[in-house]
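A.B. asks: Structure file my_file38.cif (mmCIF, C-alpha atoms and all ligand atoms) right here:
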```
data_target
loop_
_atom_site.label_atom_id
_atom_site.label_comp_id
_atom_site.auth_asym_id
_atom_site.auth_seq_id
_atom_site.Cartn_x
_atom_site.Cartn_y
_atom_site.Cartn_z
CA MET G 231 -29.67 9.15 5.43
CA ARG G 232 -26.80 7.16 3.89
CA TYR G 233 -27.48 4.11 1.74
CA ASN G 234 -26.25 0.93 3.43
CA VAL G 235 -25.76 -2.26 1.45
CA ASP G 236 -25.70 -4.16 4.71
CA GLU G 237 -27.71 -3.52 7.92
CA ARG G 238 -24.56 -3.80 10.07
CA GLN G 239 -23.25 -0.60 8.52
CA GLN G 240 -25.70 1.64 10.36
CA ALA G 241 -24.39 0.36 13.71
CA VAL G 242 -20.87 1.39 12.63
CA ARG G 243 -22.12 4.83 11.55
CA ASP G 244 -23.86 5.33 14.90
CA ARG G 245 -20.76 4.23 16.81
CA VAL G 246 -18.53 6.67 14.91
CA LYS G 247 -21.01 9.52 15.39
CA GLU G 248 -20.97 8.96 19.14
CA PHE G 249 -17.15 8.84 19.21
CA ALA G 250 -16.89 11.90 16.97
CA GLU G 251 -19.15 14.02 19.18
CA LYS G 252 -17.13 13.15 22.26
CA GLU G 253 -13.56 12.86 20.99
CA ILE G 254 -13.10 14.20 17.44
CA ILE G 255 -15.11 17.41 17.17
CA PRO G 256 -13.55 19.03 20.28
CA VAL G 257 -9.95 18.54 19.06
CA PHE G 258 -9.70 18.06 15.30
CA GLN G 259 -9.00 21.69 14.46
CA GLU G 260 -6.26 21.97 17.05
CA LEU G 261 -4.66 18.74 15.78
CA ASP G 262 -4.69 20.21 12.26
CA ARG G 263 -3.16 23.54 13.20
CA LYS G 264 -0.48 22.72 15.73
CA PRO G 265 3.03 21.78 14.47
CA GLU G 266 3.19 18.19 13.32
CA ALA G 267 3.87 15.64 16.06
CA PHE G 268 2.27 12.23 16.39
CA PRO G 269 -0.81 12.50 18.71
CA LYS G 270 -0.10 9.53 20.98
CA ASP G 271 -2.88 10.19 23.53
CA TYR G 272 -5.48 10.65 20.81
CA TYR G 273 -4.30 7.42 19.13
CA ARG G 274 -4.71 5.55 22.40
CA LYS G 275 -8.29 6.89 22.69
CA LEU G 276 -9.06 5.51 19.24
CA GLY G 277 -7.59 2.19 20.37
CA ALA G 278 -9.57 2.19 23.62
CA ALA G 279 -12.78 2.80 21.64
CA GLY G 280 -12.02 -0.25 19.49
CA LEU G 281 -11.55 1.83 16.33
CA ILE G 282 -8.00 0.59 15.70
CA GLY G 283 -7.67 -3.04 14.62
CA PHE G 284 -11.30 -3.05 13.48
CA ALA G 285 -10.72 -5.46 10.56
CA MET G 286 -7.90 -7.45 12.17
CA PRO G 287 -8.79 -11.08 13.07
CA LYS G 288 -10.52 -11.57 16.42
CA GLU G 289 -8.22 -14.47 17.33
CA TYR G 290 -5.30 -11.98 17.34
CA GLY G 291 -7.08 -9.30 19.34
CA GLY G 292 -8.72 -7.43 16.45
CA GLY G 293 -12.35 -6.45 16.01
CA GLY G 294 -12.96 -9.16 13.40
CA TYR G 295 -15.31 -6.90 11.45
CA SER G 296 -16.06 -7.47 7.77
CA ASN G 297 -14.46 -5.33 5.11
CA ILE G 298 -17.82 -3.66 4.46
CA GLU G 299 -17.98 -2.64 8.14
CA TYR G 300 -14.36 -1.49 8.13
CA ILE G 301 -14.90 0.58 4.98
CA THR G 302 -17.94 2.14 6.63
CA LEU G 303 -15.78 3.01 9.65
CA ILE G 304 -13.22 4.75 7.42
CA GLU G 305 -15.94 6.56 5.44
CA GLU G 306 -17.59 7.86 8.61
CA LEU G 307 -14.36 8.86 10.36
CA SER G 308 -13.33 10.71 7.18
CA TYR G 309 -16.65 12.54 7.24
CA TYR G 310 -15.76 14.02 10.63
CA ASP G 311 -11.98 14.27 10.22
CA ALA G 312 -9.96 12.46 7.53
CA PRO G 313 -6.65 12.37 9.47
CA THR G 314 -8.47 10.50 12.26
CA ALA G 315 -9.54 7.95 9.65
CA LEU G 316 -5.91 7.69 8.61
CA LEU G 317 -4.83 7.07 12.21
CA ALA G 318 -7.20 4.08 12.17
CA ALA G 319 -6.33 2.93 8.64
CA VAL G 320 -2.51 2.90 8.87
CA PRO G 321 -2.34 0.15 11.54
CA GLU G 322 -4.61 -1.99 9.34
CA LEU G 323 -2.30 -1.40 6.36
CA ALA G 324 0.83 -2.13 8.37
CA THR G 325 -0.48 -5.17 10.24
CA PHE G 326 -2.15 -6.93 7.30
CA PRO G 327 1.15 -8.38 5.95
CA ILE G 328 1.88 -9.83 9.39
CA TYR G 329 -1.38 -11.73 9.79
CA ALA G 330 -1.67 -12.56 6.10
CA PHE G 331 1.88 -13.80 5.49
CA GLY G 332 3.51 -14.21 8.91
CA THR G 333 4.16 -17.28 11.05
CA GLU G 334 1.91 -18.11 13.99
CA GLU G 335 4.64 -16.85 16.31
CA GLN G 336 4.92 -13.50 14.47
CA LYS G 337 1.14 -13.05 14.49
CA LYS G 338 0.87 -13.76 18.22
CA LYS G 339 3.78 -11.51 19.06
CA TYR G 340 2.78 -8.40 17.10
CA VAL G 341 -0.86 -8.34 15.93
CA PRO G 342 -2.64 -8.08 19.33
CA LYS G 343 -0.53 -5.08 20.38
CA CYS G 344 -1.14 -3.37 17.02
CA ALA G 345 -4.87 -4.11 17.23
CA THR G 346 -5.33 -2.33 20.55
CA GLY G 347 -3.15 0.67 19.76
CA GLU G 348 -0.60 -0.37 22.39
CA ILE G 349 2.13 -0.20 19.74
CA ILE G 350 2.23 1.84 16.52
CA PRO G 351 3.05 -0.04 13.32
CA ALA G 352 4.16 1.43 9.98
CA PHE G 353 4.20 0.14 6.40
CA ALA G 354 7.60 1.08 4.97
CA LEU G 355 7.77 0.57 1.21
CA THR G 356 8.45 3.95 -0.43
CA GLU G 357 11.98 5.29 -1.03
CA ARG G 358 13.33 8.30 -2.89
CA GLU G 359 13.88 6.13 -6.00
CA ALA G 360 11.00 3.75 -5.33
CA GLY G 361 7.67 5.58 -5.37
CA SER G 362 5.37 4.41 -8.18
CA ASP G 363 8.28 2.18 -9.21
CA ALA G 364 8.04 0.48 -5.82
CA ALA G 365 10.03 -2.62 -6.80
CA ASN G 366 13.17 -0.50 -7.27
CA GLN G 367 14.20 -0.94 -3.64
CA GLN G 368 17.63 0.36 -2.67
CA THR G 369 17.40 -0.43 1.06
CA VAL G 370 19.38 -3.60 1.48
CA ALA G 371 19.48 -6.39 4.06
CA MET G 372 22.67 -8.49 4.15
CA ILE G 373 22.55 -11.80 6.02
CA GLU G 374 25.16 -12.20 8.77
CA GLY G 375 24.67 -15.44 10.68
CA ASP G 376 21.14 -15.42 12.04
CA GLU G 377 20.65 -11.66 11.54
CA PHE G 378 19.83 -9.20 8.78
CA VAL G 379 22.04 -6.10 8.71
CA ILE G 380 19.94 -3.40 7.08
CA ASN G 381 21.03 -0.10 5.52
CA GLY G 382 18.90 2.40 3.65
CA GLU G 383 16.25 5.09 3.84
CA LYS G 384 12.46 5.16 3.59
CA ILE G 385 10.43 8.27 2.83
CA PHE G 386 6.77 9.34 3.16
CA ILE G 387 6.03 6.63 5.74
CA MET G 388 2.82 7.19 7.71
CA HIS G 389 3.68 7.17 11.41
CA GLY G 390 7.32 6.44 10.45
CA ASP G 391 8.37 9.07 12.98
CA ALA G 392 6.52 7.42 15.88
CA CYS G 393 6.29 3.73 15.04
CA ASN G 394 7.37 0.95 17.40
CA ILE G 395 7.52 -1.61 14.62
CA ALA G 396 7.50 -1.43 10.84
CA VAL G 397 6.96 -3.91 8.07
CA LEU G 398 10.01 -3.00 6.03
CA PHE G 399 10.33 -3.91 2.36
CA CYS G 400 13.91 -4.16 1.11
CA ARG G 401 16.17 -6.09 -1.21
CA ILE G 402 18.10 -9.05 0.09
CA GLY G 403 21.77 -8.97 -0.88
CA GLU G 404 23.88 -6.48 -2.82
CA VAL G 405 22.43 -3.62 -4.86
CA GLY G 406 23.13 -4.66 -8.42
CA GLU G 407 21.75 -4.80 -11.91
CA GLY G 408 18.24 -5.99 -12.68
CA ARG G 409 15.15 -6.27 -10.49
CA PRO G 410 15.97 -7.03 -6.87
CA LYS G 411 14.77 -9.89 -4.67
CA VAL G 412 12.50 -7.98 -2.29
CA SER G 413 11.56 -9.34 1.11
CA ALA G 414 9.35 -8.05 3.94
CA ILE G 415 10.93 -7.91 7.39
CA ILE G 416 9.38 -6.88 10.71
CA ILE G 417 11.70 -4.41 12.45
CA GLU G 418 11.50 -3.19 16.05
CA THR G 419 12.40 0.47 16.02
CA ASP G 420 13.94 0.76 19.50
CA ASN G 421 16.94 -1.25 18.29
CA PRO G 422 20.15 0.68 17.49
CA GLY G 423 20.51 2.03 13.97
CA PHE G 424 16.90 3.23 13.53
CA LYS G 425 16.04 6.92 13.25
CA GLY G 426 12.60 8.32 12.44
CA PHE G 427 11.99 11.97 11.49
CA THR G 428 8.69 13.84 11.12
CA LEU G 429 8.26 15.44 7.70
CA GLN G 430 7.14 19.04 8.11
CA HIS G 431 4.77 21.40 6.25
CA LYS G 432 2.45 18.67 4.99
CA MET G 433 -0.48 20.12 3.06
CA GLY G 434 -3.21 18.17 4.86
CA MET G 435 -3.91 15.07 6.97
CA ARG G 436 -1.75 16.74 9.58
CA ALA G 437 -2.89 14.90 12.72
CA ALA G 438 -1.60 11.66 11.23
CA THR G 439 2.11 12.29 10.79
CA THR G 440 4.36 11.20 7.93
CA GLY G 441 7.99 10.29 8.46
CA ARG G 442 11.37 9.57 6.97
CA ILE G 443 13.28 6.56 8.27
CA GLU G 444 17.04 6.03 8.30
CA LEU G 445 18.53 2.59 8.88
CA LYS G 446 22.27 2.34 9.57
CA ASP G 447 23.67 -1.12 10.28
CA PHE G 448 20.29 -1.94 11.81
CA ARG G 449 20.03 -5.56 12.96
CA ALA G 450 16.94 -7.77 12.90
CA PRO G 451 16.76 -11.54 13.42
CA VAL G 452 16.29 -13.51 10.17
CA THR G 453 13.25 -15.07 11.83
CA ASN G 454 11.55 -11.67 11.43
CA GLN G 455 11.24 -12.10 7.67
CA LEU G 456 7.61 -12.46 6.59
CA GLY G 457 6.85 -15.42 4.36
CA GLU G 458 9.34 -16.34 1.69
CA THR G 459 12.50 -14.56 0.54
CA GLY G 460 11.86 -12.65 -2.68
CA LYS G 461 8.06 -12.51 -2.29
CA GLY G 462 8.01 -9.18 -0.47
CA PHE G 463 6.92 -7.13 -3.46
CA ARG G 464 3.99 -9.46 -4.08
CA TYR G 465 2.99 -9.17 -0.38
CA ALA G 466 3.17 -5.37 -0.62
CA MET G 467 0.95 -5.29 -3.72
CA GLN G 468 -1.59 -7.66 -2.14
CA THR G 469 -1.69 -5.45 0.95
CA LEU G 470 -2.22 -2.33 -1.16
CA ASP G 471 -5.10 -3.95 -3.07
CA GLY G 472 -7.16 -4.04 0.11
CA ALA G 473 -5.89 -0.74 1.45
CA ARG G 474 -6.99 1.05 -1.75
CA ILE G 475 -10.62 0.36 -0.87
CA GLY G 476 -9.93 2.19 2.39
CA VAL G 477 -8.58 5.19 0.50
CA ALA G 478 -11.67 5.11 -1.71
CA ALA G 479 -13.74 5.23 1.50
CA GLN G 480 -11.75 8.27 2.69
CA GLY G 481 -12.76 9.95 -0.58
CA VAL G 482 -16.43 9.02 -0.11
CA GLY G 483 -16.49 10.37 3.45
CA MET G 484 -14.89 13.67 2.49
CA ALA G 485 -17.10 14.05 -0.59
CA GLN G 486 -20.21 13.47 1.57
CA ARG G 487 -19.04 16.12 4.02
CA ALA G 488 -18.37 18.58 1.20
CA LEU G 489 -21.88 17.95 -0.15
CA ASP G 490 -23.60 18.28 3.25
CA GLU G 491 -21.71 21.49 4.05
CA SER G 492 -22.61 22.90 0.63
CA VAL G 493 -26.31 22.08 0.94
CA ALA G 494 -26.52 23.69 4.39
CA TYR G 495 -24.54 26.76 3.37
CA SER G 496 -26.39 27.38 0.11
CA LYS G 497 -29.71 27.43 1.99
CA LYS G 498 -28.57 30.11 4.41
CA ARG G 499 -26.29 32.32 2.27
CA ILE G 500 -28.30 35.22 0.84
CA ALA G 501 -27.27 36.89 -2.42
CA PHE G 502 -29.47 39.23 -4.48
CA GLY G 503 -32.20 38.91 -1.82
CA ALA G 504 -32.56 35.10 -1.82
CA PRO G 505 -30.64 32.01 -0.67
CA ILE G 506 -28.03 30.99 -3.27
CA ALA G 507 -29.71 27.52 -3.23
CA LYS G 508 -32.39 29.10 -5.43
CA LEU G 509 -29.80 29.72 -8.17
CA GLN G 510 -29.64 27.09 -10.88
CA ALA G 511 -25.83 27.47 -11.05
CA ILE G 512 -25.62 26.28 -7.42
CA GLN G 513 -28.28 23.58 -7.86
CA TRP G 514 -26.33 22.04 -10.73
CA MET G 515 -23.17 21.88 -8.66
CA ILE G 516 -25.10 20.14 -5.86
CA ALA G 517 -26.67 17.70 -8.35
CA ASP G 518 -23.31 16.80 -9.88
CA MET G 519 -21.68 16.34 -6.47
CA ALA G 520 -24.52 14.13 -5.18
CA THR G 521 -24.65 11.97 -8.30
CA ARG G 522 -20.91 11.34 -8.53
CA LEU G 523 -20.76 10.66 -4.79
CA GLU G 524 -23.47 8.02 -5.07
CA ALA G 525 -21.55 6.22 -7.83
CA ALA G 526 -18.30 6.44 -5.82
CA ARG G 527 -19.95 4.93 -2.73
CA LEU G 528 -21.45 2.05 -4.71
CA MET G 529 -18.09 1.24 -6.33
CA THR G 530 -16.36 1.33 -2.96
CA TYR G 531 -18.88 -0.98 -1.30
CA LYS G 532 -18.81 -3.31 -4.28
CA ALA G 533 -15.04 -3.75 -3.98
CA ALA G 534 -15.36 -4.38 -0.21
CA GLN G 535 -18.15 -6.91 -0.80
CA LEU G 536 -16.00 -8.83 -3.28
CA GLN G 537 -13.18 -8.85 -0.74
CA ASP G 538 -15.54 -10.17 1.95
CA LYS G 539 -16.71 -12.94 -0.38
CA GLY G 540 -13.10 -13.99 -1.01
CA GLU G 541 -13.38 -13.16 -4.72
CA LYS G 542 -10.83 -11.28 -6.84
CA PHE G 543 -11.10 -7.59 -6.18
CA SER G 544 -7.91 -5.83 -7.28
CA LEU G 545 -9.52 -4.35 -10.43
CA GLU G 546 -12.54 -3.10 -8.48
CA ALA G 547 -10.31 -1.73 -5.69
CA ALA G 548 -8.24 0.25 -8.21
CA GLN G 549 -11.40 1.54 -9.92
CA ALA G 550 -12.99 2.51 -6.60
CA LYS G 551 -9.81 4.29 -5.45
CA LEU G 552 -9.36 6.14 -8.73
CA PHE G 553 -12.98 7.20 -9.07
CA SER G 554 -13.80 8.00 -5.43
CA THR G 555 -10.70 10.10 -4.83
CA GLU G 556 -11.28 12.06 -8.04
CA VAL G 557 -14.94 12.51 -7.04
CA ALA G 558 -13.75 13.77 -3.67
CA ASN G 559 -11.49 16.25 -5.48
CA PHE G 560 -14.47 17.42 -7.54
CA CYS G 561 -16.73 17.72 -4.51
CA VAL G 562 -14.29 19.66 -2.30
CA ASP G 563 -13.59 21.98 -5.24
CA ARG G 564 -17.30 22.62 -5.87
CA ALA G 565 -17.82 23.09 -2.12
CA MET G 566 -15.07 25.72 -2.20
CA GLN G 567 -16.83 27.48 -5.09
CA ILE G 568 -20.18 27.44 -3.29
CA HIS G 569 -18.65 28.77 -0.06
CA SER G 570 -16.34 31.13 -1.97
CA GLY G 571 -14.53 33.44 0.51
CA TYR G 572 -16.05 31.58 3.46
CA GLY G 573 -14.57 28.34 2.08
CA TYR G 574 -11.12 29.67 1.33
CA ILE G 575 -10.56 31.14 4.81
CA GLY G 576 -10.34 28.35 7.38
CA GLU G 577 -11.85 30.21 10.30
CA PHE G 578 -15.29 30.31 8.64
CA SER G 579 -15.82 26.69 7.58
CA MET G 580 -14.04 23.34 7.25
CA ILE G 581 -13.91 23.51 3.44
CA GLU G 582 -10.32 24.80 3.43
CA LYS G 583 -9.25 21.81 5.58
CA LEU G 584 -11.25 19.32 3.48
CA TYR G 585 -9.59 20.73 0.36
CA ARG G 586 -6.12 20.14 1.85
CA ASP G 587 -6.91 16.74 3.39
CA GLN G 588 -8.46 15.34 0.22
CA ARG G 589 -5.56 15.93 -2.15
CA VAL G 590 -3.24 13.16 -0.96
CA THR G 591 -5.87 10.46 -1.55
CA GLU G 592 -5.04 10.77 -5.27
CA ILE G 593 -1.35 10.20 -4.50
CA TYR G 594 -0.78 7.62 -1.78
CA GLU G 595 -1.25 3.86 -2.05
CA GLY G 596 -0.73 4.30 -5.80
CA THR G 597 -1.31 7.53 -7.71
CA SER G 598 -4.32 7.93 -10.00
CA GLU G 599 -2.02 7.20 -12.93
CA VAL G 600 -0.90 3.95 -11.31
CA GLN G 601 -4.56 2.97 -10.73
CA ARG G 602 -5.21 3.59 -14.44
CA LEU G 603 -2.25 1.31 -15.26
CA VAL G 604 -3.69 -1.42 -13.02
CA ILE G 605 -7.16 -1.05 -14.56
CA ALA G 606 -5.92 -1.00 -18.16
CA GLY G 607 -3.65 -3.96 -17.40
CA ASN G 608 -6.67 -5.97 -16.28
CA TYR G 609 -8.37 -5.41 -19.63
CA LEU G 610 -5.39 -5.52 -21.98
CA ARG G 611 -3.34 -8.37 -20.59
C1 LIG G 701 1.19 11.81 2.99
C2 LIG G 701 1.76 10.59 2.37
C3 LIG G 701 1.71 9.39 3.06
C4 LIG G 701 2.29 8.25 2.53
N1 LIG G 701 2.30 7.08 3.26
C5 LIG G 701 3.06 6.03 2.85
C6 LIG G 701 3.27 4.90 3.71
O1 LIG G 701 2.74 4.82 4.83
N2 LIG G 701 4.09 3.92 3.29
C7 LIG G 701 4.71 3.95 2.08
O2 LIG G 701 5.45 3.02 1.76
N3 LIG G 701 4.52 5.00 1.23
C8 LIG G 701 3.72 6.05 1.58
N4 LIG G 701 3.54 7.15 0.77
C9 LIG G 701 4.20 7.17 -0.53
C10 LIG G 701 3.24 7.16 -1.72
O3 LIG G 701 2.66 5.90 -1.87
C11 LIG G 701 4.02 7.67 -2.94
O4 LIG G 701 4.21 9.06 -2.76
C12 LIG G 701 3.29 7.37 -4.23
O5 LIG G 701 3.28 5.99 -4.50
C13 LIG G 701 3.93 8.10 -5.43
O6 LIG G 701 5.32 7.98 -5.44
P1 LIG G 701 6.22 9.31 -5.63
O7 LIG G 701 5.71 10.33 -4.70
O8 LIG G 701 7.65 8.90 -5.55
O9 LIG G 701 5.88 9.80 -7.10
P2 LIG G 701 6.55 9.26 -8.50
O10 LIG G 701 6.50 7.77 -8.54
O11 LIG G 701 7.85 9.93 -8.69
O12 LIG G 701 5.51 9.84 -9.54
C14 LIG G 701 5.57 11.16 -10.06
C15 LIG G 701 4.49 11.29 -11.13
O13 LIG G 701 4.77 10.39 -12.22
C16 LIG G 701 3.65 9.54 -12.41
N5 LIG G 701 4.10 8.21 -12.83
C17 LIG G 701 5.12 7.48 -12.29
N6 LIG G 701 5.22 6.31 -12.93
C18 LIG G 701 4.26 6.30 -13.87
C19 LIG G 701 3.85 5.36 -14.87
N7 LIG G 701 4.48 4.19 -15.03
N8 LIG G 701 2.82 5.69 -15.70
C20 LIG G 701 2.18 6.89 -15.56
N9 LIG G 701 2.51 7.82 -14.63
C21 LIG G 701 3.53 7.52 -13.81
C22 LIG G 701 2.93 9.50 -11.07
O14 LIG G 701 1.57 9.10 -11.22
C23 LIG G 701 3.08 10.94 -10.62
O15 LIG G 701 2.14 11.73 -11.27
C24 LIG G 701 2.91 8.30 1.25
C25 LIG G 701 2.93 9.50 0.54
C26 LIG G 701 2.37 10.63 1.09
C27 LIG G 701 2.44 11.91 0.31
#
```
Starting from the file, give its structure as structure tokens.

C.D. replies:
Amino acid sequence: MRYNVDERQQAVRDRVKEFAEKEIIPVFQELDRKPEAFPKDYYRKLGAAGLIGFAMPKEYGGGGYSNIEYITLIEELSYYDAPTALLAAVPELATFPIYAFGTEEQKKKYVPKCATGEIIPAFALTEREAGSDAANQQTVAMIEGDEFVINGEKIFIMHGDACNIAVLFCRIGEVGEGRPKVSAIIIETDNPGFKGFTLQHKMGMRAATTGRIELKDFRAPVTNQLGETGKGFRYAMQTLDGARIGVAAQGVGMAQRALDESVAYSKKRIAFGAPIAKLQAIQWMIADMATRLEAARLMTYKAAQLQDKGEKFSLEAAQAKLFSTEVANFCVDRAMQIHSGYGYIGEFSMIEKLYRDQRVTEIYEGTSEVQRLVIAGNYLR
């Protein structure tokens, strides 16, 4: 029985369990093992079940759920299959800047279609020279009349190979000395000059694809800029603050799965004439996993509660992301040790997949080192 800070969470857990039994469990292994290609039909099923657009505002076609409920959704989906959670989380990440900073016209045009899964949005910030140093944007938009002409490349973009629209962060004007003026622009990817490629041989999270985007003399109307010129970097950071709680929830879900699998396995695996659960070495691993997981979940819910209350939460989001993803790393590693050979070989258990899926949570939406910078900055500034 999971601890819920809010009674509405159990309803979300029950809803995900029902969906998982019908739609996730029958296909998740196949989605992990086949060559990477965006699973459009599966995505549409998530949309039809109302699991995409969960936290988007109701007035723009979203579910209108609280952040606590959304975080619970991501935790539970990650328990069954983390890439499925990512398929649901990426549209939230990509659509947030539109409904948070866009005009009424932009919100009405794009958010409802993103919320139902009818179109696939992407959040395109990272470049080869702009990873942790995300402000160092080299993609450039020049203004020609009432259009932006955009040239550049984006890398590691979730769903960048399949997206219909992207919120693109880029500098406005020539590449030059000093920090650029970064803006956020909505681009429609069926216009000429856009190419999206699927990045191959990804370690985990394979059902949710990651892409590289090329923009060559790509044109977008200037009316597609979000908010004010030069505020794009701030919008990106505000978006990532919230999204980090989602990544923390991915960690919590995977850590819980690693614990549950380990408890079940250690009770049935016999060594030296008794279940390995009788061995203190195993019991201590279980105790450490369970205790760290509990702390990670509480930190994650706390950050989501602050967000729901409209209070400042960027420190707590960074702490929850840092701690929960490192706890998930610890738990999948201990689960591997407990399962040993039956963990390492994928045909015997899901530990091998959990181990691969977990690792990126310490990298994307700000590495663990970047979270430590954010946290220290909050105390030292
Ligand atoms: C599967 C996947 C999906 C992704 N999805 C998206 C997406 O949808 N949209 C998007 O825009 N981006 C996405 N990213 C990009 C991701 O956010 C970056 O990979 C991440 O921010 C790190 O950037 P980098 O890989 O360039 O590493 P670098 O920035 O080159 O970092 C290399 C190392 O140096 C460390 N480092 C760098 N600067 C500092 C510092 N100042 N202090 C201490 N340590 C530092 C880092 O922590 C890391 O250990 C995704 C990445 C992956 C792998």

A.B. asks: Taking 5 positions as the minimum chain separation for residues in the same chain, which residues sit within 7 Å of segment 539-545 of chain G when counting all atoms listed in the file? Answer as a tab-separated table (two decimals) with C-alpha atoms, in the coordinates of the input.

C.D. replies:
```tsv
chain	number	residue	atom	x	y	z
G	471	ASP	CA	-5.10	-3.95	-3.07
G	533	ALA	CA	-15.04	-3.75	-3.98
G	605	ILE	CA	-7.16	-1.05	-14.56
G	608	ASN	CA	-6.67	-5.97	-16.28
```

A.B. asks: Would you mind telling me which residue in G:Arg358, G:Arg442, G:His569, G:Lys461 lies nearest to ligand LIG 701 (chain G) when using all atoms listed in the file?

C.D. replies: G:Arg358

A.B. asks: Between chain G and ligand LIG 701 (chain G), at 6 Å or less, what are the per-residue closest atom pairs and their distances in Å? Count all atoms listed in the file, order by chain and rising residue number, and return it as a Markdown table.

C.D. replies:
```
| residue | atom | partner | partner_atom | distance |
| --- | --- | --- | --- | --- |
| G:Phe353 | CA | G:LIG701 | N2 | 4.9 |
| G:Ala354 | CA | G:LIG701 | O2 | 4.3 |
| G:Leu355 | CA | G:LIG701 | O2 | 3.4 |
| G:Thr356 | CA | G:LIG701 | O2 | 3.8 |
| G:Gly361 | CA | G:LIG701 | O8 | 3.3 |
| G:Ser362 | CA | G:LIG701 | O10 | 3.6 |
| G:Asp363 | CA | G:LIG701 | O10 | 5.9 |
| G:Phe386 | CA | G:LIG701 | C24 | 4.4 |
| G:Ile387 | CA | G:LIG701 | C6 | 3.8 |
| G:Met388 | CA | G:LIG701 | O1 | 3.7 |
| G:Thr440 | CA | G:LIG701 | C3 | 5.8 |
| G:Val590 | CA | G:LIG701 | C27 | 6.0 |
| G:Ile593 | CA | G:LIG701 | C12 | 5.4 |
| G:Tyr594 | CA | G:LIG701 | O3 | 3.8 |
| G:Glu595 | CA | G:LIG701 | O3 | 4.4 |
| G:Gly596 | CA | G:LIG701 | O5 | 4.5 |
| G:Thr597 | CA | G:LIG701 | O14 | 4.8 |
| G:Glu599 | CA | G:LIG701 | O14 | 4.4 |
| G:Val600 | CA | G:LIG701 | O14 | 5.7 |
```

A.B. asks: Write out as a PDB file with C-alpha atoms, keeping the file's coordinate frame the residues lying within 8 Å of Ala565 of chain G, counting all atoms listed in the file and excluding same-chain residues fewer than 2 positions away.

C.D. replies:
```
ATOM      1  CA  ALA G 488     -18.370  18.580   1.200  1.00  0.00           C
ATOM      2  CA  LEU G 489     -21.880  17.950  -0.150  1.00  0.00           C
ATOM      3  CA  GLU G 491     -21.710  21.490   4.050  1.00  0.00           C
ATOM      4  CA  SER G 492     -22.610  22.900   0.630  1.00  0.00           C
ATOM      5  CA  CYS G 561     -16.730  17.720  -4.510  1.00  0.00           C
ATOM      6  CA  VAL G 562     -14.290  19.660  -2.300  1.00  0.00           C
ATOM      7  CA  ASP G 563     -13.590  21.980  -5.240  1.00  0.00           C
ATOM      8  CA  GLN G 567     -16.830  27.480  -5.090  1.00  0.00           C
ATOM      9  CA  ILE G 568     -20.180  27.440  -3.290  1.00  0.00           C
ATOM     10  CA  HIS G 569     -18.650  28.770  -0.060  1.00  0.00           C
ATOM     11  CA  GLY G 573     -14.570  28.340   2.080  1.00  0.00           C
ATOM     12  CA  ILE G 581     -13.910  23.510   3.440  1.00  0.00           C
TER      13      ILE G 581
END
```

A.B. asks: Taking (17.9, -2.7, 18.1) in the file's coordinates, which residues come within 10 Å, counting only C-alpha atoms, written as an mmCIF file with C-alpha atoms, in the frame of the given file?

C.D. replies:
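Below is the file that was written, point14.cif:
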```
data_model
loop_
_atom_site.group_PDB
_atom_site.id
_atom_site.type_symbol
_atom_site.label_atom_id
_atom_site.label_comp_id
_atom_site.auth_asym_id
_atom_site.auth_seq_id
_atom_site.Cartn_x
_atom_site.Cartn_y
_atom_site.Cartn_z
ATOM 1 C CA ILE G 417 11.700 -4.410 12.450
ATOM 2 C CA GLU G 418 11.500 -3.190 16.050
ATOM 3 C CA THR G 419 12.400 0.470 16.020
ATOM 4 C CA ASP G 420 13.940 0.760 19.500
ATOM 5 C CA ASN G 421 16.940 -1.250 18.290
ATOM 6 C CA PRO G 422 20.150 0.680 17.490
ATOM 7 C CA GLY G 423 20.510 2.030 13.970
ATOM 8 C CA PHE G 424 16.900 3.230 13.530
ATOM 9 C CA ASP G 447 23.670 -1.120 10.280
ATOM 10 C CA PHE G 448 20.290 -1.940 11.810
ATOM 11 C CA ARG G 449 20.030 -5.560 12.960
ATOM 12 C CA ALA G 450 16.940 -7.770 12.900
#
```

A.B. asks: Point out the residue among G:Met515, G:Met435, G:Ile380, G:Val370 with the least atom-to-atom distance to Phe258 of chain G, counting all atoms listed in the file.

C.D. replies: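 That would be G:Met435, the residue with the smallest distance to Phe258 of chain G.
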
A.B. asks: Report, in Å to a single decimal, how far apart atom CA of Arg602 of chain G and atom CA of Arg589 of chain G are.

C.D. replies: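 These atoms are spaced 17.4 Å apart.
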
A.B. asks: I need every residue sitting at most 9 Å from the point (7.0, 7.3, 16.5) (coordinates as in the file, only C-alpha atoms considered), written as number ranges by chain.

C.D. replies: G: 267-268, 270, 350-351, 389-394, 419, 426-428, 441

A.B. asks: Which is closer to Met566 of chain G than all the others in G:Met286, G:Ala438, G:Met580, G:Ala494, using all atoms listed in the file?

C.D. replies: G:Met580
